[in-house]
Amino acid sequence: MSDPILRLSGLYTDIAQYHILQGVDLEVPRGQVTMLLGRNGVGKTTTLRSIIGHWQARAGSITFDGADVTALPVASRVKAGMGYVPEDMGIFTDLTVEENMRLAARSGPLDAARLEWIFGAFPALKTFWGAEAGNLSGGQKQMLSIARVMAEERKLYLIDEPTKGLAPAIVSTMSRALRDLKEQGASILLVEQNFAVARALGDSVAVMDDGKIIWTGEMAELAENKALQEQLMGLSMEVH
Ligand SMILES: Nc1ncnc2c1ncn2[C@@H]1O[C@H](COP(=O)(O)OP(=O)(O)OP(=O)(O)O)[C@@H](O)[C@H]1O
Ligand SMILES: [Mg+2]
């Protein structure tokens with residue numbers, strides 16, 4: 001693969017005494033959506049946290065946009081162009097929706113055209129622009145956390161389970177917003193347990209098990225091969 005935006009080579013991450021990542025090798029191509037799939041507890045969130053720098057890898061390397069960022073702190077990786085949406089929502093609950101969005105645009109004022117796009121994708125954020133984020137519904141908080149990473153252009157979006165716990169109608173809203181982002185040519189590494197969403201958005205796939213990547217390939221290949229889905233993840237995509 002030529003010049004991926006992100007490359008993980010032999011990444012090992014420990015949490016306390018546990019060896020969680022056990023040699024992760026992964027390439028994220030530019031301008032594509034790469035899905036990171038796998039059963040619960042296999043290390044998907046740990047991988048994203050290691051990429052953004054919330055966990056420091058014990059061994060291995062992280063190359064981002066051609067530079068070695070393995071030893072850099074989170075702030076430097078964000079400055080270099082990574083955006084991260086954590087599994088448990090990265091919002092400031094005691095600030096308003098507007099304040100959350102203004103803080104998310106680190107390089108200056110919010111871009112008006114981007115904000116219009118975000119309001120189009122998530123009308124609730126326009127409605128509750130002046131409200132405290134802590135008072136939003138669970139789904140609206142999730143929209144705000146995605147909207148915050150969309151507040152300015154990033155070289156790579158790391159997004160952990162954006163549809164988790166959302167009602168079906170809101171899953172579609174979220175999925176459309178991510179598709180918009182994809183259509184703008186964004187490079188995205190996405191953890192997503194909803195296979196309908198994963199299949200609709202994903203270009204390529206990396207499947208994790210037990211702290212390692214056990215399969216990589218095209219989403220089209222995985223989507224049509226139920227036996228492979230069973231083998232890699234212990235369930236077929238149809239069951240979700
Ligand atoms: N802060 C922590 N302290 C101790 N163990 C942790 C911590 N965070 C994660 N782990 C362990 O690391 C392993 C991988 O967790 P991780 O959150 O990366 O999995 P995941 O693939 O994202 O799972 P899920 O699909 O449930 O979100 C699990 O066994 C988990 O218990
Ligand atoms: Mg997780």
# chains A, B, ... in the order shown; residues from 1 in each chain; ligands from 1

$ closest_atom_pairs --of "range 83-199 of chain A" --to "range 68-79 of chain A" --cutoff "10 Å" --atoms "only C-alpha atoms" --output "JSON lines"
{"residue": "A:Gly83", "atom": "CA", "partner": "A:Val78", "partner_atom": "CA", "distance": 6.1}
{"residue": "A:Tyr84", "atom": "CA", "partner": "A:Val78", "partner_atom": "CA", "distance": 8.3}
{"residue": "A:Arg106", "atom": "CA", "partner": "A:Lys79", "partner_atom": "CA", "distance": 8.9}
{"residue": "A:Ser107", "atom": "CA", "partner": "A:Lys79", "partner_atom": "CA", "distance": 9.3}
{"residue": "A:Arg154", "atom": "CA", "partner": "A:Val78", "partner_atom": "CA", "distance": 8.7}
{"residue": "A:Lys155", "atom": "CA", "partner": "A:Val78", "partner_atom": "CA", "distance": 9.6}
{"residue": "A:Leu156", "atom": "CA", "partner": "A:Val78", "partner_atom": "CA", "distance": 9.6}

$ write_last_selection --atoms "N, CA and C atoms" --output "CSV table (one decimal), in the first residue's frame"
chain,number,residue,atom,x,y,z
A,83,GLY,N,-8.0,13.4,15.0
A,83,GLY,CA,-9.2,13.8,15.8
A,83,GLY,C,-9.7,12.5,16.4
A,84,TYR,N,-10.1,12.5,17.6
A,84,TYR,CA,-10.5,11.3,18.3
A,84,TYR,C,-11.9,11.5,19.0
A,106,ARG,N,-9.9,24.2,17.2
A,106,ARG,CA,-8.8,24.7,18.0
A,106,ARG,C,-8.0,25.8,17.2
A,107,SER,N,-8.1,25.8,15.9
A,107,SER,CA,-7.3,26.6,15.1
A,107,SER,C,-7.8,28.0,14.9
A,154,ARG,N,-9.7,17.3,9.8
A,154,ARG,CA,-8.5,16.5,10.4
A,154,ARG,C,-8.0,15.6,9.3
A,155,LYS,N,-6.7,15.3,9.5
A,155,LYS,CA,-6.1,14.4,8.6
A,155,LYS,C,-6.6,13.0,8.8
A,156,LEU,N,-6.9,12.6,10.0
A,156,LEU,CA,-7.4,11.3,10.4
A,156,LEU,C,-8.4,11.4,11.5

$ residues_near_ligand --ligand "ligand 1" --cutoff "8 Å" --atoms "only C-alpha atoms and all ligand atoms" --output "number ranges by chain"
A: 15-16, 18, 20-21, 38-47, 87, 161, 193, 208, 211

$ select_by_dssp --residues "range 9-78 of chain A" --states "strand (DSSP E or B)" --output "PDB file with N, CA and C atoms, in the first residue's frame"
ATOM      1  N   SER A   9       3.103  -0.557  13.600  1.00  0.00           N
ATOM      2  CA  SER A   9       3.987  -1.703  13.378  1.00  0.00           C
ATOM      3  C   SER A   9       4.316  -2.351  14.714  1.00  0.00           C
ATOM      4  N   GLY A  10       3.897  -3.575  14.868  1.00  0.00           N
ATOM      5  CA  GLY A  10       4.239  -4.363  16.057  1.00  0.00           C
ATOM      6  C   GLY A  10       3.939  -3.641  17.355  1.00  0.00           C
ATOM      7  N   LEU A  11       2.725  -3.091  17.455  1.00  0.00           N
ATOM      8  CA  LEU A  11       2.396  -2.268  18.628  1.00  0.00           C
ATOM      9  C   LEU A  11       1.974  -3.127  19.830  1.00  0.00           C
ATOM     10  N   TYR A  12       2.660  -2.914  20.930  1.00  0.00           N
ATOM     11  CA  TYR A  12       2.343  -3.585  22.203  1.00  0.00           C
ATOM     12  C   TYR A  12       1.928  -2.519  23.209  1.00  0.00           C
ATOM     13  N   THR A  13       0.743  -2.673  23.823  1.00  0.00           N
ATOM     14  CA  THR A  13       0.324  -1.754  24.882  1.00  0.00           C
ATOM     15  C   THR A  13      -0.081  -2.569  26.100  1.00  0.00           C
ATOM     16  N   ASP A  14       0.472  -2.195  27.254  1.00  0.00           N
ATOM     17  CA  ASP A  14       0.093  -2.820  28.521  1.00  0.00           C
ATOM     18  C   ASP A  14      -0.847  -1.886  29.271  1.00  0.00           C
ATOM     19  N   ILE A  15      -1.834  -2.444  29.950  1.00  0.00           N
ATOM     20  CA  ILE A  15      -2.621  -1.662  30.903  1.00  0.00           C
ATOM     21  C   ILE A  15      -2.408  -2.347  32.250  1.00  0.00           C
ATOM     22  N   TYR A  18      -1.500  -6.071  32.565  1.00  0.00           N
ATOM     23  CA  TYR A  18      -2.072  -6.863  31.475  1.00  0.00           C
ATOM     24  C   TYR A  18      -1.475  -6.478  30.129  1.00  0.00           C
ATOM     25  N   HIS A  19      -1.136  -7.485  29.335  1.00  0.00           N
ATOM     26  CA  HIS A  19      -0.612  -7.250  27.987  1.00  0.00           C
ATOM     27  C   HIS A  19      -1.811  -7.205  27.046  1.00  0.00           C
ATOM     28  N   ILE A  20      -2.293  -6.019  26.757  1.00  0.00           N
ATOM     29  CA  ILE A  20      -3.542  -5.907  25.993  1.00  0.00           C
ATOM     30  C   ILE A  20      -3.277  -5.955  24.489  1.00  0.00           C
ATOM     31  N   LEU A  21      -2.461  -5.052  23.964  1.00  0.00           N
ATOM     32  CA  LEU A  21      -2.110  -5.143  22.539  1.00  0.00           C
ATOM     33  C   LEU A  21      -0.849  -5.975  22.420  1.00  0.00           C
ATOM     34  N   GLN A  22      -0.894  -6.948  21.525  1.00  0.00           N
ATOM     35  CA  GLN A  22       0.194  -7.922  21.444  1.00  0.00           C
ATOM     36  C   GLN A  22       0.779  -8.001  20.049  1.00  0.00           C
ATOM     37  N   GLY A  23       1.199  -6.824  19.561  1.00  0.00           N
ATOM     38  CA  GLY A  23       1.831  -6.783  18.247  1.00  0.00           C
ATOM     39  C   GLY A  23       0.838  -6.435  17.155  1.00  0.00           C
ATOM     40  N   VAL A  24       0.234  -5.241  17.266  1.00  0.00           N
ATOM     41  CA  VAL A  24      -0.763  -4.824  16.268  1.00  0.00           C
ATOM     42  C   VAL A  24      -0.057  -4.224  15.052  1.00  0.00           C
ATOM     43  N   ASP A  25      -0.349  -4.778  13.875  1.00  0.00           N
ATOM     44  CA  ASP A  25       0.121  -4.238  12.595  1.00  0.00           C
ATOM     45  C   ASP A  25      -1.106  -3.776  11.828  1.00  0.00           C
ATOM     46  N   LEU A  26      -1.114  -2.500  11.447  1.00  0.00           N
ATOM     47  CA  LEU A  26      -2.315  -1.970  10.791  1.00  0.00           C
ATOM     48  C   LEU A  26      -1.933  -0.795   9.911  1.00  0.00           C
ATOM     49  N   GLU A  27      -2.512  -0.756   8.712  1.00  0.00           N
ATOM     50  CA  GLU A  27      -2.331   0.412   7.843  1.00  0.00           C
ATOM     51  C   GLU A  27      -3.687   1.005   7.524  1.00  0.00           C
ATOM     52  N   VAL A  28      -3.782   2.334   7.636  1.00  0.00           N
ATOM     53  CA  VAL A  28      -5.013   3.039   7.295  1.00  0.00           C
ATOM     54  C   VAL A  28      -4.733   3.870   6.046  1.00  0.00           C
ATOM     55  N   VAL A  33     -12.379   4.726   4.474  1.00  0.00           N
ATOM     56  CA  VAL A  33     -12.859   4.335   5.796  1.00  0.00           C
ATOM     57  C   VAL A  33     -12.367   2.925   6.087  1.00  0.00           C
ATOM     58  N   THR A  34     -11.565   2.806   7.140  1.00  0.00           N
ATOM     59  CA  THR A  34     -11.071   1.502   7.577  1.00  0.00           C
ATOM     60  C   THR A  34     -11.833   1.119   8.837  1.00  0.00           C
ATOM     61  N   MET A  35     -12.489  -0.041   8.786  1.00  0.00           N
ATOM     62  CA  MET A  35     -13.256  -0.503   9.941  1.00  0.00           C
ATOM     63  C   MET A  35     -12.356  -1.376  10.809  1.00  0.00           C
ATOM     64  N   LEU A  36     -12.410  -1.124  12.110  1.00  0.00           N
ATOM     65  CA  LEU A  36     -11.715  -1.989  13.061  1.00  0.00           C
ATOM     66  C   LEU A  36     -12.792  -2.787  13.789  1.00  0.00           C
ATOM     67  N   LEU A  37     -12.862  -4.078  13.487  1.00  0.00           N
ATOM     68  CA  LEU A  37     -13.934  -4.924  14.015  1.00  0.00           C
ATOM     69  C   LEU A  37     -13.368  -5.975  14.955  1.00  0.00           C
ATOM     70  N   ALA A  59       6.052  -1.136  23.111  1.00  0.00           N
ATOM     71  CA  ALA A  59       6.958  -1.461  22.002  1.00  0.00           C
ATOM     72  C   ALA A  59       6.213  -1.274  20.691  1.00  0.00           C
ATOM     73  N   GLY A  60       6.971  -1.137  19.617  1.00  0.00           N
ATOM     74  CA  GLY A  60       6.373  -0.938  18.305  1.00  0.00           C
ATOM     75  C   GLY A  60       6.352   0.530  17.931  1.00  0.00           C
ATOM     76  N   SER A  61       5.808   0.833  16.748  1.00  0.00           N
ATOM     77  CA  SER A  61       5.833   2.232  16.307  1.00  0.00           C
ATOM     78  C   SER A  61       4.526   2.647  15.656  1.00  0.00           C
ATOM     79  N   ILE A  62       4.291   3.962  15.732  1.00  0.00           N
ATOM     80  CA  ILE A  62       3.118   4.584  15.125  1.00  0.00           C
ATOM     81  C   ILE A  62       3.623   5.667  14.177  1.00  0.00           C
ATOM     82  N   THR A  63       3.367   5.472  12.892  1.00  0.00           N
ATOM     83  CA  THR A  63       3.768   6.470  11.890  1.00  0.00           C
ATOM     84  C   THR A  63       2.512   7.154  11.388  1.00  0.00           C
ATOM     85  N   PHE A  64       2.488   8.490  11.542  1.00  0.00           N
ATOM     86  CA  PHE A  64       1.308   9.249  11.142  1.00  0.00           C
ATOM     87  C   PHE A  64       1.716  10.297  10.119  1.00  0.00           C
ATOM     88  N   ALA A  67       5.402  10.712   9.693  1.00  0.00           N
ATOM     89  CA  ALA A  67       6.284  11.027  10.827  1.00  0.00           C
ATOM     90  C   ALA A  67       6.078  10.020  11.958  1.00  0.00           C
ATOM     91  N   ASP A  68       7.140   9.731  12.685  1.00  0.00           N
ATOM     92  CA  ASP A  68       7.048   8.819  13.824  1.00  0.00           C
ATOM     93  C   ASP A  68       6.475   9.584  15.022  1.00  0.00           C
TER      94      ASP A  68
END

$ atom_distance --atom1 "CA of Leu232 in chain A" --atom2 "CA of Asn194 in chain A"
15.6 Å

$ closest_atom_pairs --of "range 146-187 of chain A" --to "range 98-102 of chain A" --cutoff "9 Å" --atoms "only C-alpha atoms" --output "JSON lines"
{"residue": "A:Ala147", "atom": "CA", "partner": "A:Met101", "partner_atom": "CA", "distance": 7.5}
{"residue": "A:Arg148", "atom": "CA", "partner": "A:Met101", "partner_atom": "CA", "distance": 5.6}
{"residue": "A:Val149", "atom": "CA", "partner": "A:Met101", "partner_atom": "CA", "distance": 9.0}
{"residue": "A:Ala151", "atom": "CA", "partner": "A:Met101", "partner_atom": "CA", "distance": 6.7}

$ write_last_selection --atoms "C-alpha atoms" --output "CSV table (one decimal), in the first residue's frame"
chain,number,residue,atom,x,y,z
A,147,ALA,CA,-19.8,17.2,15.7
A,148,ARG,CA,-16.9,18.3,17.8
A,149,VAL,CA,-14.4,16.2,15.8
A,151,ALA,CA,-15.6,21.1,13.7

$ closest_residue --among "A:Ala133, A:Val191, A:Ile146, A:Leu166" --to "ligand 2" --atoms "only C-alpha atoms and all ligand atoms"
A:Val191

$ select_by_dssp --residues "range 137-230 of chain A" --states "helix (DSSP H, G or I)" --output "ChimeraX atom specification"
/A:138-150,168-183,195-201,219-223,226-230

$ closest_residue --among "A:Asp210, A:Glu152, A:Glu192, A:Glu230" --to "ligand 2" --atoms "only C-alpha atoms and all ligand atoms"
A:Glu192

$ closest_residue --among "A:Asp160, A:Asp94, A:Glu221, A:Asp111" --to "ligand 2" --atoms "only C-alpha atoms and all ligand atoms"
A:Asp160

$ closest_residue --among "A:Lys164, A:Arg30, A:Arg58, A:Arg114" --to "ligand 2" --atoms "only C-alpha atoms and all ligand atoms"
A:Lys164

$ residues_around --residues "Ala124 in chain A" --least-positions-apart "3" --cutoff "12 Å" --atoms "only C-alpha atoms" --output "list in words"
Val97, Ile118, Phe119, Gly120, Ala121, Thr127, Phe128, Trp129, Gly130, Ala131, Ala133, Leu136, Ser137, Gly139, Gln140, Lys141, Gln142, Met143, Leu144, Ala147, Ile170 and Thr173 of chain A

$ write_last_selection --atoms "N, CA and C atoms" --output "PDB file, in the first residue's frame"
ATOM      1  N   VAL A  97     -23.727  23.720  24.199  1.00  0.00           N
ATOM      2  CA  VAL A  97     -23.410  23.101  22.913  1.00  0.00           C
ATOM      3  C   VAL A  97     -22.487  24.037  22.128  1.00  0.00           C
ATOM      4  N   ILE A 118     -22.749  20.782   9.693  1.00  0.00           N
ATOM      5  CA  ILE A 118     -22.989  20.058  10.950  1.00  0.00           C
ATOM      6  C   ILE A 118     -24.453  20.224  11.393  1.00  0.00           C
ATOM      7  N   PHE A 119     -24.994  21.434  11.264  1.00  0.00           N
ATOM      8  CA  PHE A 119     -26.404  21.663  11.615  1.00  0.00           C
ATOM      9  C   PHE A 119     -27.324  20.858  10.696  1.00  0.00           C
ATOM     10  N   GLY A 120     -26.938  20.738   9.424  1.00  0.00           N
ATOM     11  CA  GLY A 120     -27.725  19.938   8.479  1.00  0.00           C
ATOM     12  C   GLY A 120     -27.729  18.476   8.881  1.00  0.00           C
ATOM     13  N   ALA A 121     -26.554  18.001   9.331  1.00  0.00           N
ATOM     14  CA  ALA A 121     -26.435  16.594   9.722  1.00  0.00           C
ATOM     15  C   ALA A 121     -27.139  16.329  11.050  1.00  0.00           C
ATOM     16  N   THR A 127     -30.946  23.427  17.384  1.00  0.00           N
ATOM     17  CA  THR A 127     -32.057  23.700  18.308  1.00  0.00           C
ATOM     18  C   THR A 127     -31.537  23.975  19.720  1.00  0.00           C
ATOM     19  N   PHE A 128     -30.563  23.172  20.167  1.00  0.00           N
ATOM     20  CA  PHE A 128     -30.090  23.268  21.556  1.00  0.00           C
ATOM     21  C   PHE A 128     -28.746  23.976  21.662  1.00  0.00           C
ATOM     22  N   TRP A 129     -28.465  24.869  20.714  1.00  0.00           N
ATOM     23  CA  TRP A 129     -27.178  25.566  20.612  1.00  0.00           C
ATOM     24  C   TRP A 129     -26.790  26.246  21.928  1.00  0.00           C
ATOM     25  N   GLY A 130     -27.777  26.814  22.608  1.00  0.00           N
ATOM     26  CA  GLY A 130     -27.476  27.552  23.837  1.00  0.00           C
ATOM     27  C   GLY A 130     -27.643  26.719  25.101  1.00  0.00           C
ATOM     28  N   ALA A 131     -28.008  25.452  24.952  1.00  0.00           N
ATOM     29  CA  ALA A 131     -28.299  24.615  26.129  1.00  0.00           C
ATOM     30  C   ALA A 131     -27.024  23.990  26.681  1.00  0.00           C
ATOM     31  N   ALA A 133     -24.664  21.138  27.617  1.00  0.00           N
ATOM     32  CA  ALA A 133     -24.515  19.829  26.965  1.00  0.00           C
ATOM     33  C   ALA A 133     -24.939  18.692  27.885  1.00  0.00           C
ATOM     34  N   LEU A 136     -28.504  17.462  27.355  1.00  0.00           N
ATOM     35  CA  LEU A 136     -28.916  16.814  26.106  1.00  0.00           C
ATOM     36  C   LEU A 136     -29.267  15.351  26.373  1.00  0.00           C
ATOM     37  N   SER A 137     -30.064  14.773  25.480  1.00  0.00           N
ATOM     38  CA  SER A 137     -30.345  13.339  25.579  1.00  0.00           C
ATOM     39  C   SER A 137     -29.067  12.565  25.244  1.00  0.00           C
ATOM     40  N   GLY A 139     -28.498  10.392  22.910  1.00  0.00           N
ATOM     41  CA  GLY A 139     -28.223  10.416  21.468  1.00  0.00           C
ATOM     42  C   GLY A 139     -27.687  11.770  21.023  1.00  0.00           C
ATOM     43  N   GLN A 140     -28.267  12.834  21.595  1.00  0.00           N
ATOM     44  CA  GLN A 140     -27.796  14.184  21.230  1.00  0.00           C
ATOM     45  C   GLN A 140     -26.365  14.415  21.711  1.00  0.00           C
ATOM     46  N   LYS A 141     -26.041  13.874  22.880  1.00  0.00           N
ATOM     47  CA  LYS A 141     -24.650  13.996  23.367  1.00  0.00           C
ATOM     48  C   LYS A 141     -23.694  13.303  22.398  1.00  0.00           C
ATOM     49  N   GLN A 142     -24.124  12.155  21.900  1.00  0.00           N
ATOM     50  CA  GLN A 142     -23.284  11.414  20.952  1.00  0.00           C
ATOM     51  C   GLN A 142     -23.116  12.215  19.653  1.00  0.00           C
ATOM     52  N   MET A 143     -24.206  12.878  19.211  1.00  0.00           N
ATOM     53  CA  MET A 143     -24.106  13.732  18.021  1.00  0.00           C
ATOM     54  C   MET A 143     -23.114  14.852  18.266  1.00  0.00           C
ATOM     55  N   LEU A 144     -23.171  15.440  19.464  1.00  0.00           N
ATOM     56  CA  LEU A 144     -22.260  16.544  19.780  1.00  0.00           C
ATOM     57  C   LEU A 144     -20.807  16.062  19.785  1.00  0.00           C
ATOM     58  N   ALA A 147     -19.878  15.797  16.257  1.00  0.00           N
ATOM     59  CA  ALA A 147     -19.828  17.150  15.670  1.00  0.00           C
ATOM     60  C   ALA A 147     -18.556  17.874  16.090  1.00  0.00           C
ATOM     61  N   ILE A 170     -31.883   7.391  14.937  1.00  0.00           N
ATOM     62  CA  ILE A 170     -30.681   8.194  15.187  1.00  0.00           C
ATOM     63  C   ILE A 170     -29.446   7.509  14.602  1.00  0.00           C
ATOM     64  N   THR A 173     -29.229   8.809  11.208  1.00  0.00           N
ATOM     65  CA  THR A 173     -28.705  10.181  11.205  1.00  0.00           C
ATOM     66  C   THR A 173     -27.185  10.151  11.340  1.00  0.00           C
TER      67      THR A 173
END

$ closest_residue --among "A:Asn225, A:Leu95, A:Leu158, A:Ser187" --to "Asn135 in chain A" --atoms "only C-alpha atoms"
A:Leu95

$ closest_residue --among "A:Leu125, A:Ala112, A:Met233, A:Ile159" --to "ligand 2" --atoms "only C-alpha atoms and all ligand atoms"
A:Ile159
